[in-house]
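Participant: Sharing a structure here in structure tokens format.
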Amino acid sequence: MARKKKIGNTVAYIVLIVMSVIWLFPFVALVLQSFRGESGGMVNYLVPKQWSWANYRFLFGSGSKFLKWYSNTLIIALFVALFQTLVVICVSYALSRMRFKGRRALMNIWLVLGMFPGFLTMICLYFLLKQLGLTEAGAVPGLILISVASSGMGYYVCKGYFDTIPKALDEAAILDGATRAQILIKMIIPMSKPIIIYTALVAFMAPWCDYIFASYVAFGYESGYNVAVAMTRWVWTNDYQGYFTRFCAGGILVAIPVTILFMCLQRYYVEGVTGGSVKG
Amino acid sequence: MEANNKQRGAVGRFFHWLGGDLKDIGLTFAQGDWKTKLSFLIMGFGQLLRGQYVRGVAMLALQTLCNWFVFGFGWPYFSKLLTLGTVATHKVNRVTVYGDNSFLILLYGLLTIVVILLLLLLWRINLRQNKEAEGILARGKKLPSNYSDLHSLVDKNFDKTLLALPVLGIFVFTVLPIIFMICIAFTNYDANHQPPANLFTWVGLNNFKELFGIGGSSNFGGTFFYVLGWTLVWAFFATFLTYFLGMAVAILINKKGIKLKKLWRTILVMTIAVPQFVSLLSVGKMFASDGLVNADLLKWGWIQTAIPFWDNATYARILIIVINLWIGIPYTMLIVTGLLMNIPAELYESARIDGANPFQTFRKITLPYMLFVTGPFLLTQFIGNLDNFNVIFLLNRGRPQSMSLSNNAGATDLLVTWLYKMTINDSNYKIAAVIGIMVFVVTAVISLIVYNAMPSVKDEEGFQ
């Protein structure tokens, strides 16, 4: 019996080690490529023959707008995280705690709206932003506006969490003379730390991957790019030979802070996705 | 038949309600005092004269704003809504003569309709407030003060304060654009009809006829069903393969006697944390014809010519599903790990005593429980995969394209990536709009069917 178990565990370890290698390989390759000194797009070896910081120096040099793109993305991510969280909390509280006419209808309409593909409305949104002067040079505030404006529909997870906070607490607070606003600010928000962190984390991470709208709104105006748009163009350009290792370096610089943040807040993320997606 | 009855019921109810409401409006006018009567014309008038300044000013301001919008701005667009403009911008003797712009007419025309509806609603609320105030005064009681009106916005009416901005934002940036695009599906807005130089106009159901193969020369209908088929196949595999393999990995890591559980999980979770454009672009490049994989296989002499991973439809499709496992397995594992621990240990214990082998316990205990709890999750995953733009687009942009497909569709294009290409590359907005509507229909139908068949909906008490 014990021997059978030992064999089983050995097999399990082998599987896990093989999986770890597969899962980590692309990232290791990315790091190694970013330090490659010799030019050329893809090469048939992994470890650089000549180690160099040249790719990183290029990113911070005057030849590229990498810092601008990076700060664009960071600004978008921070503002979206802040405002989106506020909007989601407001909507969730209203839908979870208050009973008003049209509440069901509102939730149903939003559910149906969510079934339309997001890119359908791209040209219309572009036009609306253009009217406000928020395209090309104004792409950064434009992207923040678009992300935040529709974020109210993503209330499910947060409302689900609010629903689990007993209503009796609200009633007690009302008896003590608290207003609804006071209940939200002084009671519900402090009790909902995990879900607020989850909401902010998801909102913060999304702009780093936003390629579609970002590329459309910036419309070829380089200073309005975010990192995803700029890096993707580097890979897809006809001259990607020269830019591939630079893409790797840029990708590493983008991935490191986001990954560290995610790993630190992973607990809240798991709590959010499990709580939100598997409520029967 | 039954549905028909139900529908008539709804319509009947609507007219019943409308009749009652009109009667109420008439009574409010007939029985009201002069302040109320004047409020029919100038909104908020009665409220102001009765000392309810907050309500009065708000109503008056809203009415002024709506009227200004409709008559000062929206009317010229609204009046051309039926034709979407007749005079294109053109040049007469080298002088530009500005004409209509179908895009603006449609967008602002729709907006004007909405503002008119809003004005009607406000007008009705305004009348109701007047009637209420009269009633309260007639009973010799005091009207709610301005302070209590304002105070209710953070208390009794706090929902209105909270929802005002989000609802406005969703309306302007989601609802209005969606209505606009639905309308576009019934026009001929494409690369040849770009206002202001070339106007577009209503064409009825022509675009949909073309989709279902009635009329039109291109193979649009055939391409659509080809792309739809792959979209469904992809969503199926992407959802269920990652689900079962992810569960298997979670069980493996949870296994008694496995050490460093946290380390294994952290390694896998890396793919969720790293932004997808970094991970997917680099993995995609790895499998390119000059990529690392091909280069190494050539170097080791395993193959003679590079394998066209991205240029062969079958290879590309399989590879995309496999790479998606790399992204999806950790995600499922994260969600499933916690749930697995919730399964009562006694169930496993008694199964073991009854002599069940691990596979039997999985099939009879673990799987039914997991399917029950994660039903909604699977549905959202499936819907999400139907619209999974990033994986397809960042890996190979829907390639390889084929001459037999119309509108530049490729073998791995999903409906959404096809829609994207049509908007960005071809400016074929009418067809993009049709596809968008079809995506909606597919999503809605699948959601309805699956949702109603889900065990956790049918039988809420199971496993409790």
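We label chains A, B, ... in the order they appear in the structure tokens, count residues from 1 in each chain, and number ligands from 1 in the order shown.
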What are the residues of chain B lining chain A at 7 Å or less? Count only C-alpha atoms, and put the answer as a count of residues only.
Facilitator: 47
Participant: I need the residues in segment 63-212 of chain B that are helix (DSSP H, G or I) according to DSSP; give them as a ChimeraX atom specification.
Facilitator: /B:63-79,102-138,146-152,158-184,206-211
Participant: Calculate how many Å separate atom CA of Asn188 of chain B from atom CA of His90 of chain B, rounding to one decimal.
Facilitator: 19.8 Å
Participant: Skip Leu119 of chain B itself and residues of its chain fewer than 6 positions away, then list as a ChimeraX atom specification all residues within 10 Å of it, counting only C-alpha atoms.
Facilitator: /B:62-67,70,113,125
Participant: The selected residues should be written to file as a PDB file, in the first residue's frame (atoms: C-alpha atoms).
Facilitator:
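Just written: selection.pdb:
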ATOM      1  CA  LEU B  62     -34.617  70.137 -16.815  1.00  0.00           C
ATOM      2  CA  GLN B  63     -37.469  71.343 -18.993  1.00  0.00           C
ATOM      3  CA  THR B  64     -35.427  74.253 -20.303  1.00  0.00           C
ATOM      4  CA  LEU B  65     -32.493  71.958 -21.017  1.00  0.00           C
ATOM      5  CA  CYS B  66     -34.581  69.356 -22.843  1.00  0.00           C
ATOM      6  CA  ASN B  67     -36.445  71.976 -24.850  1.00  0.00           C
ATOM      7  CA  VAL B  70     -34.807  69.350 -28.982  1.00  0.00           C
ATOM      8  CA  ILE B 113     -36.134  60.846 -29.754  1.00  0.00           C
ATOM      9  CA  ILE B 125     -43.571  63.202 -12.738  1.00  0.00           C
TER      10      ILE B 125
END
Participant: Please report the interatomic distance between atom CA of Arg352 of chain B and atom CA of Lys364 of chain B in Å with one decimal.
Facilitator: 12.1 Å
Participant: Expressed in Å to a single decimal, how great is the separation between atom CA of Phe162 of chain A and atom CA of Leu201 of chain A?
Facilitator: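 A separation of 18.0 Å between them.
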Participant: Using DSSP secondary structure from the backbone, list all strand (DSSP E or B) positions within segment 43-281 of chain B, as a ChimeraX atom specification.
Facilitator: /B:90-92,95-97,187,202
Participant: For the residues in the current selection, export C-alpha atoms as a compact mmCIF listing (two decimals), in the first residue's frame.
Facilitator:
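Result written to again.txt:
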# COMPACT_ATOMS: atom_id res chain seq x y z
CA HIS B 90 -20.23 68.47 -52.96
CA LYS B 91 -18.36 71.09 -54.87
CA VAL B 92 -19.89 73.73 -57.11
CA VAL B 95 -16.55 75.91 -53.71
CA THR B 96 -17.56 73.30 -51.19
CA VAL B 97 -21.26 73.19 -50.53
CA THR B 187 -28.61 50.86 -43.91
CA TRP B 202 -32.12 52.86 -45.24
Participant: Any idea what's packed within 10 Å of segment 132-134 of chain A, counting only C-alpha atoms, ignoring anything in its chain fewer than 3 positions away? Could you give it as a PyMOL selection string?
Facilitator: chain A and resi 126-129+137-145+217-218
Participant: For the residues selected in the previous step, produce a file with N, CA and C atoms as a PDB file, in the first residue's frame.
Facilitator:
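Once written, again-v1.pdb looks like this:
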ATOM      1  N   TYR A 126     -15.946  55.984 -31.089  1.00  0.00           N
ATOM      2  CA  TYR A 126     -14.863  56.820 -31.602  1.00  0.00           C
ATOM      3  C   TYR A 126     -15.396  58.195 -31.962  1.00  0.00           C
ATOM      4  N   PHE A 127     -16.554  58.204 -32.615  1.00  0.00           N
ATOM      5  CA  PHE A 127     -17.136  59.469 -33.016  1.00  0.00           C
ATOM      6  C   PHE A 127     -17.500  60.326 -31.798  1.00  0.00           C
ATOM      7  N   LEU A 128     -18.122  59.675 -30.803  1.00  0.00           N
ATOM      8  CA  LEU A 128     -18.508  60.417 -29.596  1.00  0.00           C
ATOM      9  C   LEU A 128     -17.276  61.023 -28.937  1.00  0.00           C
ATOM     10  N   LEU A 129     -16.201  60.221 -28.835  1.00  0.00           N
ATOM     11  CA  LEU A 129     -14.983  60.741 -28.220  1.00  0.00           C
ATOM     12  C   LEU A 129     -14.403  61.878 -29.044  1.00  0.00           C
ATOM     13  N   ALA A 137      -4.526  62.849 -29.622  1.00  0.00           N
ATOM     14  CA  ALA A 137      -3.749  63.426 -28.524  1.00  0.00           C
ATOM     15  C   ALA A 137      -4.470  63.245 -27.189  1.00  0.00           C
ATOM     16  N   GLY A 138      -5.790  63.201 -27.222  1.00  0.00           N
ATOM     17  CA  GLY A 138      -6.545  63.065 -25.980  1.00  0.00           C
ATOM     18  C   GLY A 138      -6.930  61.636 -25.686  1.00  0.00           C
ATOM     19  N   ALA A 139      -6.194  60.688 -26.248  1.00  0.00           N
ATOM     20  CA  ALA A 139      -6.596  59.286 -26.128  1.00  0.00           C
ATOM     21  C   ALA A 139      -6.630  58.815 -24.684  1.00  0.00           C
ATOM     22  N   VAL A 140      -5.714  59.330 -23.853  1.00  0.00           N
ATOM     23  CA  VAL A 140      -5.645  58.817 -22.480  1.00  0.00           C
ATOM     24  C   VAL A 140      -6.927  59.124 -21.699  1.00  0.00           C
ATOM     25  N   PRO A 141      -7.331  60.420 -21.598  1.00  0.00           N
ATOM     26  CA  PRO A 141      -8.612  60.657 -20.914  1.00  0.00           C
ATOM     27  C   PRO A 141      -9.786  59.994 -21.628  1.00  0.00           C
ATOM     28  N   GLY A 142      -9.716  59.892 -22.945  1.00  0.00           N
ATOM     29  CA  GLY A 142     -10.790  59.246 -23.690  1.00  0.00           C
ATOM     30  C   GLY A 142     -10.964  57.798 -23.272  1.00  0.00           C
ATOM     31  N   LEU A 143      -9.856  57.077 -23.164  1.00  0.00           N
ATOM     32  CA  LEU A 143      -9.937  55.667 -22.778  1.00  0.00           C
ATOM     33  C   LEU A 143     -10.430  55.520 -21.346  1.00  0.00           C
ATOM     34  N   ILE A 144      -9.990  56.440 -20.471  1.00  0.00           N
ATOM     35  CA  ILE A 144     -10.480  56.389 -19.088  1.00  0.00           C
ATOM     36  C   ILE A 144     -11.994  56.572 -19.090  1.00  0.00           C
ATOM     37  N   LEU A 145     -12.458  57.569 -19.846  1.00  0.00           N
ATOM     38  CA  LEU A 145     -13.894  57.866 -19.880  1.00  0.00           C
ATOM     39  C   LEU A 145     -14.683  56.648 -20.354  1.00  0.00           C
ATOM     40  N   VAL A 217      -8.653  54.374 -30.762  1.00  0.00           N
ATOM     41  CA  VAL A 217      -8.826  55.736 -30.270  1.00  0.00           C
ATOM     42  C   VAL A 217      -7.572  56.571 -30.543  1.00  0.00           C
ATOM     43  N   ALA A 218      -6.391  55.955 -30.363  1.00  0.00           N
ATOM     44  CA  ALA A 218      -5.155  56.723 -30.591  1.00  0.00           C
ATOM     45  C   ALA A 218      -4.943  56.963 -32.082  1.00  0.00           C
TER      46      ALA A 218
END
